[in-house]
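Below: model-v7.tsv (TSV, C-alpha atoms)
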```tsv
chain	number	residue	atom	x	y	z
A	1	MET	CA	0.00	0.00	0.00
A	2	LEU	CA	2.79	2.43	0.86
A	3	LEU	CA	4.64	1.68	-2.37
A	4	ARG	CA	1.52	2.43	-4.39
A	5	LEU	CA	0.87	5.59	-2.41
A	6	ALA	CA	4.45	6.77	-3.02
A	7	ASN	CA	4.05	6.15	-6.76
A	8	ASP	CA	0.75	8.06	-6.87
A	9	LEU	CA	2.30	10.95	-4.96
A	10	VAL	CA	5.22	11.20	-7.38
A	11	GLU	CA	2.85	11.17	-10.37
A	12	THR	CA	0.90	14.03	-8.78
A	13	LEU	CA	4.05	16.07	-8.18
A	14	TYR	CA	4.79	16.11	-11.90
A	15	ILE	CA	1.51	17.92	-12.56
A	16	ILE	CA	1.81	21.68	-13.17
A	17	PRO	CA	-0.89	24.39	-13.26
A	18	GLU	CA	-2.47	24.72	-16.71
A	19	PRO	CA	-4.43	27.64	-18.23
A	20	HIS	CA	-7.31	25.49	-19.46
A	21	ALA	CA	-8.48	25.21	-15.84
A	22	LEU	CA	-9.33	28.93	-16.04
A	23	ALA	CA	-11.80	28.50	-18.88
A	24	THR	CA	-15.30	29.65	-17.99
A	25	ARG	CA	-18.23	27.44	-18.89
A	26	THR	CA	-21.41	27.88	-16.84
A	27	GLU	CA	-19.56	29.26	-13.83
A	28	PRO	CA	-16.11	30.70	-13.04
A	29	ARG	CA	-13.32	28.16	-12.79
A	30	HIS	CA	-10.29	28.36	-10.56
A	31	LEU	CA	-6.89	26.76	-10.38
A	32	ARG	CA	-6.32	24.47	-7.44
A	33	THR	CA	-4.00	25.37	-4.61
A	34	ALA	CA	-1.24	22.90	-3.76
A	35	GLU	CA	-3.22	21.68	-0.76
A	36	GLU	CA	-6.23	21.05	-3.01
A	37	VAL	CA	-4.03	19.09	-5.43
A	38	LEU	CA	-2.93	16.78	-2.62
A	39	GLU	CA	-6.46	16.53	-1.22
A	40	ASP	CA	-7.66	15.49	-4.68
A	41	LEU	CA	-5.01	12.77	-4.61
A	42	TRP	CA	-6.42	11.30	-1.39
A	43	LEU	CA	-9.96	11.54	-2.77
A	44	SER	CA	-9.12	10.08	-6.18
A	45	ARG	CA	-7.40	7.12	-4.54
A	46	SER	CA	-10.48	6.60	-2.36
A	47	THR	CA	-12.90	6.55	-5.32
A	48	ALA	CA	-10.77	4.47	-7.68
A	49	GLY	CA	-12.78	1.62	-9.09
A	50	ARG	CA	-16.09	2.92	-7.69
A	51	HIS	CA	-19.15	3.74	-9.74
A	52	GLU	CA	-19.40	7.54	-10.01
A	53	GLY	CA	-22.61	9.47	-9.76
A	54	SER	CA	-24.55	7.43	-7.21
A	55	GLY	CA	-24.28	10.23	-4.68
A	56	THR	CA	-25.60	8.25	-1.74
A	57	THR	CA	-24.86	9.13	1.89
A	58	SER	CA	-23.14	5.75	2.25
A	59	ASP	CA	-20.84	6.53	-0.70
A	60	SER	CA	-20.02	9.92	0.80
A	61	ARG	CA	-19.10	8.40	4.15
A	62	SER	CA	-17.01	5.73	2.45
A	63	THR	CA	-15.14	8.33	0.39
A	64	SER	CA	-14.42	10.47	3.44
A	65	ARG	CA	-13.30	7.47	5.44
A	66	THR	CA	-10.95	6.18	2.76
A	67	ALA	CA	-9.53	9.66	2.14
A	68	ARG	CA	-8.80	9.88	5.86
A	69	GLN	CA	-7.09	6.50	5.67
A	70	ASN	CA	-4.99	7.73	2.75
A	71	ARG	CA	-3.80	10.66	4.84
A	72	LEU	CA	-2.85	8.24	7.63
A	73	LEU	CA	-0.95	6.13	5.13
A	74	PHE	CA	0.89	9.22	3.95
A	75	GLU	CA	1.91	10.01	7.51
A	76	SER	CA	3.06	6.39	7.81
A	77	LEU	CA	5.14	6.80	4.65
A	78	ARG	CA	6.75	9.92	6.07
A	79	GLU	CA	7.50	8.13	9.33
A	80	HIS	CA	9.14	5.16	7.63
A	81	THR	CA	11.27	7.39	5.38
A	82	ARG	CA	12.11	10.29	7.70
A	83	GLU	CA	15.82	9.35	7.79
A	84	ARG	CA	16.13	9.14	4.01
A	85	VAL	CA	13.61	11.51	2.43
A	86	SER	CA	13.77	15.30	2.83
A	87	TRP	CA	10.04	15.90	3.21
A	88	GLY	CA	10.68	19.63	3.49
A	89	LEU	CA	10.90	19.44	-0.32
A	90	LEU	CA	7.14	18.90	-0.36
A	91	ASP	CA	6.58	22.23	1.37
A	92	ARG	CA	8.79	23.90	-1.22
A	93	TRP	CA	6.79	22.18	-3.97
A	94	LYS	CA	3.56	23.54	-2.48
A	95	ALA	CA	4.97	27.06	-2.34
A	96	ALA	CA	6.21	26.91	-5.95
A	97	TRP	CA	2.88	25.48	-7.17
A	98	ASP	CA	0.92	28.26	-5.46
A	99	VAL	CA	3.18	30.92	-7.01
A	100	CYS	CA	2.55	29.48	-10.48
A	101	SER	CA	-1.18	29.06	-9.85
A	102	GLY	CA	-1.52	32.59	-8.46
A	103	THR	CA	0.46	34.01	-11.38
A	104	LEU	CA	-1.89	32.33	-13.86
A	105	HIS	CA	-4.86	33.98	-12.15
A	106	GLU	CA	-3.11	37.35	-12.23
A	107	LEU	CA	-2.06	36.82	-15.85
A	108	LYS	CA	-5.62	36.10	-16.97
A	109	GLU	CA	-7.00	39.18	-15.19
A	110	LYS	CA	-4.32	41.51	-16.57
A	111	THR	CA	-4.66	40.10	-20.07
A	112	GLU	CA	-8.44	40.55	-20.07
A	113	ARG	CA	-8.06	44.17	-18.99
A	114	GLU	CA	-5.48	44.82	-21.69
A	115	VAL	CA	-7.58	43.14	-24.38
A	116	ASN	CA	-10.65	45.15	-23.35
A	117	HIS	CA	-8.58	48.32	-23.65
A	118	LEU	CA	-7.32	47.36	-27.13
A	119	LEU	CA	-10.82	46.42	-28.32
A	120	ASP	CA	-12.08	49.81	-27.20
A	121	GLN	CA	-9.40	51.44	-29.36
A	122	SER	CA	-10.18	49.29	-32.42
A	123	SER	CA	-13.27	50.53	-34.27
A	124	ALA	CA	-13.89	47.63	-36.67
A	125	LEU	CA	-12.75	44.73	-34.48
A	126	GLY	CA	-14.26	46.37	-31.40
A	127	ALA	CA	-17.63	46.65	-33.15
A	128	ALA	CA	-17.48	43.00	-34.21
A	129	ALA	CA	-16.57	41.96	-30.67
A	130	ARG	CA	-19.41	44.00	-29.20
A	131	ALA	CA	-21.84	42.32	-31.59
A	132	GLY	CA	-21.06	38.97	-29.98
A	133	GLY	CA	-20.59	40.29	-26.45
A	134	VAL	CA	-17.42	42.21	-25.70
A	135	GLN	CA	-16.72	40.55	-22.34
A	136	LYS	CA	-17.01	37.09	-23.85
A	137	ALA	CA	-14.76	38.19	-26.72
A	138	ALA	CA	-12.16	39.62	-24.35
A	139	GLU	CA	-12.12	36.43	-22.30
A	140	THR	CA	-11.80	34.23	-25.38
A	141	ILE	CA	-8.84	36.27	-26.66
A	142	ALA	CA	-7.25	36.51	-23.22
A	143	LEU	CA	-7.37	32.75	-22.62
A	144	ALA	CA	-5.66	32.09	-25.95
A	145	ILE	CA	-2.96	34.63	-25.10
A	146	VAL	CA	-2.44	33.16	-21.63
A	147	GLU	CA	-2.13	29.68	-23.14
A	148	ALA	CA	0.39	30.93	-25.70
A	149	LEU	CA	2.49	32.70	-23.07
A	150	TRP	CA	2.37	29.68	-20.74
A	151	GLN	CA	3.41	27.43	-23.63
A	152	THR	CA	6.62	29.41	-24.08
A	153	LEU	CA	7.46	28.66	-20.44
A	154	THR	CA	6.37	25.03	-20.06
A	155	ALA	CA	7.95	24.01	-23.38
A	156	ALA	CA	11.36	24.99	-21.93
A	157	ARG	CA	11.77	27.87	-24.38
A	158	GLU	CA	13.77	31.00	-23.80
A	159	ARG	CA	11.64	33.90	-22.63
A	160	ASP	CA	13.09	35.99	-25.43
A	161	GLU	CA	11.17	33.83	-27.90
A	162	ALA	CA	8.00	35.86	-27.46
A	163	ALA	CA	4.63	34.32	-28.15
A	164	SER	CA	3.30	35.68	-31.42
A	165	PHE	CA	-0.01	35.39	-33.29
A	166	LYS	CA	-0.62	35.80	-37.00
A	167	ALA	CA	-3.70	35.87	-39.19
A	168	ALA	CA	-4.94	32.45	-40.27
A	169	PRO	CA	-5.65	32.40	-44.04
A	170	GLY	CA	-9.21	31.65	-45.06
A	171	SER	CA	-10.78	32.41	-41.70
A	172	GLY	CA	-11.36	35.12	-39.14
A	173	ASN	CA	-8.92	33.41	-36.78
A	174	ALA	CA	-5.53	34.32	-35.42
A	175	VAL	CA	-3.15	31.52	-34.58
A	176	ALA	CA	0.10	31.01	-32.69
A	177	VAL	CA	2.20	27.95	-33.56
A	178	TYR	CA	4.88	26.20	-31.45
A	179	GLY	CA	6.36	23.19	-33.19
A	180	ARG	CA	3.49	20.71	-33.44
A	181	THR	CA	1.27	22.75	-31.14
A	182	SER	CA	-1.03	25.49	-32.41
A	183	ILE	CA	-3.11	27.87	-30.35
A	184	SER	CA	-6.00	29.46	-32.22
A	185	VAL	CA	-8.33	32.25	-31.20
A	186	SER	CA	-11.54	32.93	-33.08
A	187	LEU	CA	-14.61	35.08	-32.56
A	188	ALA	CA	-17.91	34.10	-34.14
A	189	SER	CA	-18.57	37.65	-35.32
A	190	VAL	CA	-15.13	38.29	-36.85
A	191	GLU	CA	-14.73	37.91	-40.61
A	192	GLU	CA	-11.52	37.02	-42.46
A	193	ALA	CA	-10.80	40.66	-43.23
A	194	LEU	CA	-10.36	41.34	-39.51
A	195	SER	CA	-8.12	38.35	-38.72
A	196	ALA	CA	-4.96	40.45	-39.10
A	197	GLU	CA	-6.36	43.01	-36.68
A	198	LEU	CA	-7.27	40.22	-34.24
A	199	ALA	CA	-3.69	38.93	-34.43
A	200	GLN	CA	-2.41	42.47	-33.83
A	201	VAL	CA	-4.56	42.83	-30.71
A	202	CYS	CA	-3.16	39.53	-29.41
A	203	ASN	CA	0.43	40.58	-30.05
A	204	GLU	CA	0.02	44.05	-28.53
A	205	ALA	CA	-1.51	42.50	-25.42
A	206	ILE	CA	1.39	40.05	-25.20
A	207	THR	CA	3.89	42.91	-25.42
A	208	ALA	CA	2.12	44.79	-22.62
A	209	ILE	CA	1.99	41.70	-20.39
A	210	ARG	CA	5.66	40.91	-20.92
A	211	GLN	CA	6.60	44.49	-20.07
A	212	SER	CA	4.63	44.19	-16.81
A	213	HIS	CA	7.03	41.45	-15.59
A	214	THR	CA	4.06	39.35	-14.45
A	215	LEU	CA	5.84	36.17	-15.55
A	216	GLU	CA	9.24	37.10	-14.18
A	217	TRP	CA	9.40	34.41	-11.50
A	218	VAL	CA	7.49	31.65	-13.29
A	219	PRO	CA	10.36	29.93	-15.19
A	220	ALA	CA	12.33	29.42	-11.98
A	221	LYS	CA	9.26	28.13	-10.12
A	222	LEU	CA	8.33	25.71	-12.91
A	223	GLU	CA	11.87	24.40	-12.87
A	224	GLU	CA	11.68	24.04	-9.09
A	225	LEU	CA	8.47	22.01	-9.39
A	226	HIS	CA	10.14	19.63	-11.82
A	227	ARG	CA	13.37	19.41	-9.82
A	228	ILE	CA	11.54	18.55	-6.59
A	229	ALA	CA	9.35	15.95	-8.31
A	230	ARG	CA	12.45	14.35	-9.81
A	231	GLN	CA	14.26	14.31	-6.45
A	232	LEU	CA	11.34	12.75	-4.59
A	233	GLU	CA	10.89	10.21	-7.38
A	234	GLU	CA	14.50	9.12	-6.82
A	235	ASP	CA	14.12	9.09	-3.02
A	236	LEU	CA	10.90	7.06	-3.20
A	237	ASP	CA	12.12	4.54	-5.75
A	238	PRO	CA	10.41	1.22	-4.89
A	239	LEU	CA	13.72	-0.67	-4.96
A	240	LEU	CA	14.96	1.60	-2.16
A	241	LEU	CA	11.64	2.09	-0.42
A	242	ARG	CA	10.67	-1.55	0.11
A	243	PRO	CA	13.62	-2.57	2.35
A	244	LEU	CA	13.41	0.76	4.18
A	245	ILE	CA	9.76	0.10	5.10
A	246	LEU	CA	10.54	-3.44	6.23
A	247	ARG	CA	13.28	-2.39	8.65
A	248	THR	CA	11.51	0.64	10.19
A	249	ARG	CA	8.31	1.06	12.18
A	250	CYS	CA	5.46	3.54	12.45
A	251	ASP	CA	2.33	3.88	14.57
A	252	LEU	CA	0.34	1.80	12.06
A	253	CYS	CA	2.72	-1.14	12.16
A	254	PRO	CA	1.45	-4.18	14.12
A	255	ALA	CA	3.00	-4.65	17.55
```

Go through the file and emit its structure as structure tokens.
Amino acid sequence: MLLRLANDLVETLYIIPEPHALATRTEPRHLRTAEEVLEDLWLSRSTAGRHEGSGTTSDSRSTSRTARQNRLLFESLREHTRERVSWGLLDRWKAAWDVCSGTLHELKEKTEREVNHLLDQSSALGAAARAGGVQKAAETIALAIVEALWQTLTAARERDEAASFKAAPGSGNAVAVYGRTSISVSLASVEEALSAELAQVCNEAITAIRQSHTLEWVPAKLEELHRIARQLEEDLDPLLLRPLILRTRCDLCPA
């Protein structure tokens, strides 16, 4: 059980905040805090293999009970490995995750404000955006910009390689391309003739965001997330962990 828990923990530590979690559907979405990421781990382990959607009181109690047991198992893992594993790394991982998550929230808000400002200054594109709902248009454009900017960081690119959009031929879209990945932004009310202006709005917003230094600390924090995950993966290698568990004791071990 502890070996499986250690493996699941390592897999979770390799997860990084992603912009798509900010997308609005029927209600505002938010990025998880580091504590919520770990709590989801305990809950996902507790519901593995169960039929979802039954929603009974019994299921709820069972989920809560098993999640509590997962937390106890985690404390047992820490106890067995306290002489070998630097668990303070987990606190540093949490801090780095929350910096990245908080920066994504800030980035989306700043980008939306900048896009709204640019749409107000653009007569033709602004009118087209207003026809379909200017706030919805601003959010659609902002999310594409945030994804493009985040891609330059998570794809291990130099920050000097600025994200850039261009008009997509034959459509009213603007698109940014990174290797095999493309990020497209389109507005239902924008015709092909305005695609170049849409791309220009995206690029001007990107320039303003980069000049604000909002992303200044993100590359180092993303690297720290990966470095800590890699270190804990090595420390919790099953070949090392199994004999360590067998020769140590914790409060859950039988007398």

Tell me which residues come within 10 Å of (-3.3, 25.8, -16.0), as a PyMOL selection string, counting all atoms listed in the file in the file's coordinates. chain A and resi 15-23+30-32+100-101+104-105+146-147+150

Separation of CA of Ser44 (chain A) from CA of Pro254 (chain A), in Å and rounded to one decimal: 27.0 Å

Would you work out the distance separating CA of Val175 (chain A) from CA of Ala142 (chain A), expressed in Å to one decimal?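 Distance reported for this atom pair: 13.1 Å.
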
Any idea what's packed within 12 Å of Lys110 (chain A), counting only C-alpha atoms, ignoring anything in its chain fewer than 6 positions away? Could you give it as a VMD selection string? chain A and resid 103 to 104 116 to 117 138 to 139 142 to 143 145 to 146 205 to 206 208 to 215

Show which residues sit within 12 Å of Gln231 (chain A), as a VMD selection string. Count all atoms listed in the file, and ignore same-chain residues fewer than 3 positions away. chain A and resid 10 13 to 14 84 to 90 93 224 to 228 234 to 237

For CA of Cys202 (chain A) and CA of Gly102 (chain A), quote the distance in Å rounded to one decimal. 22.1 Å
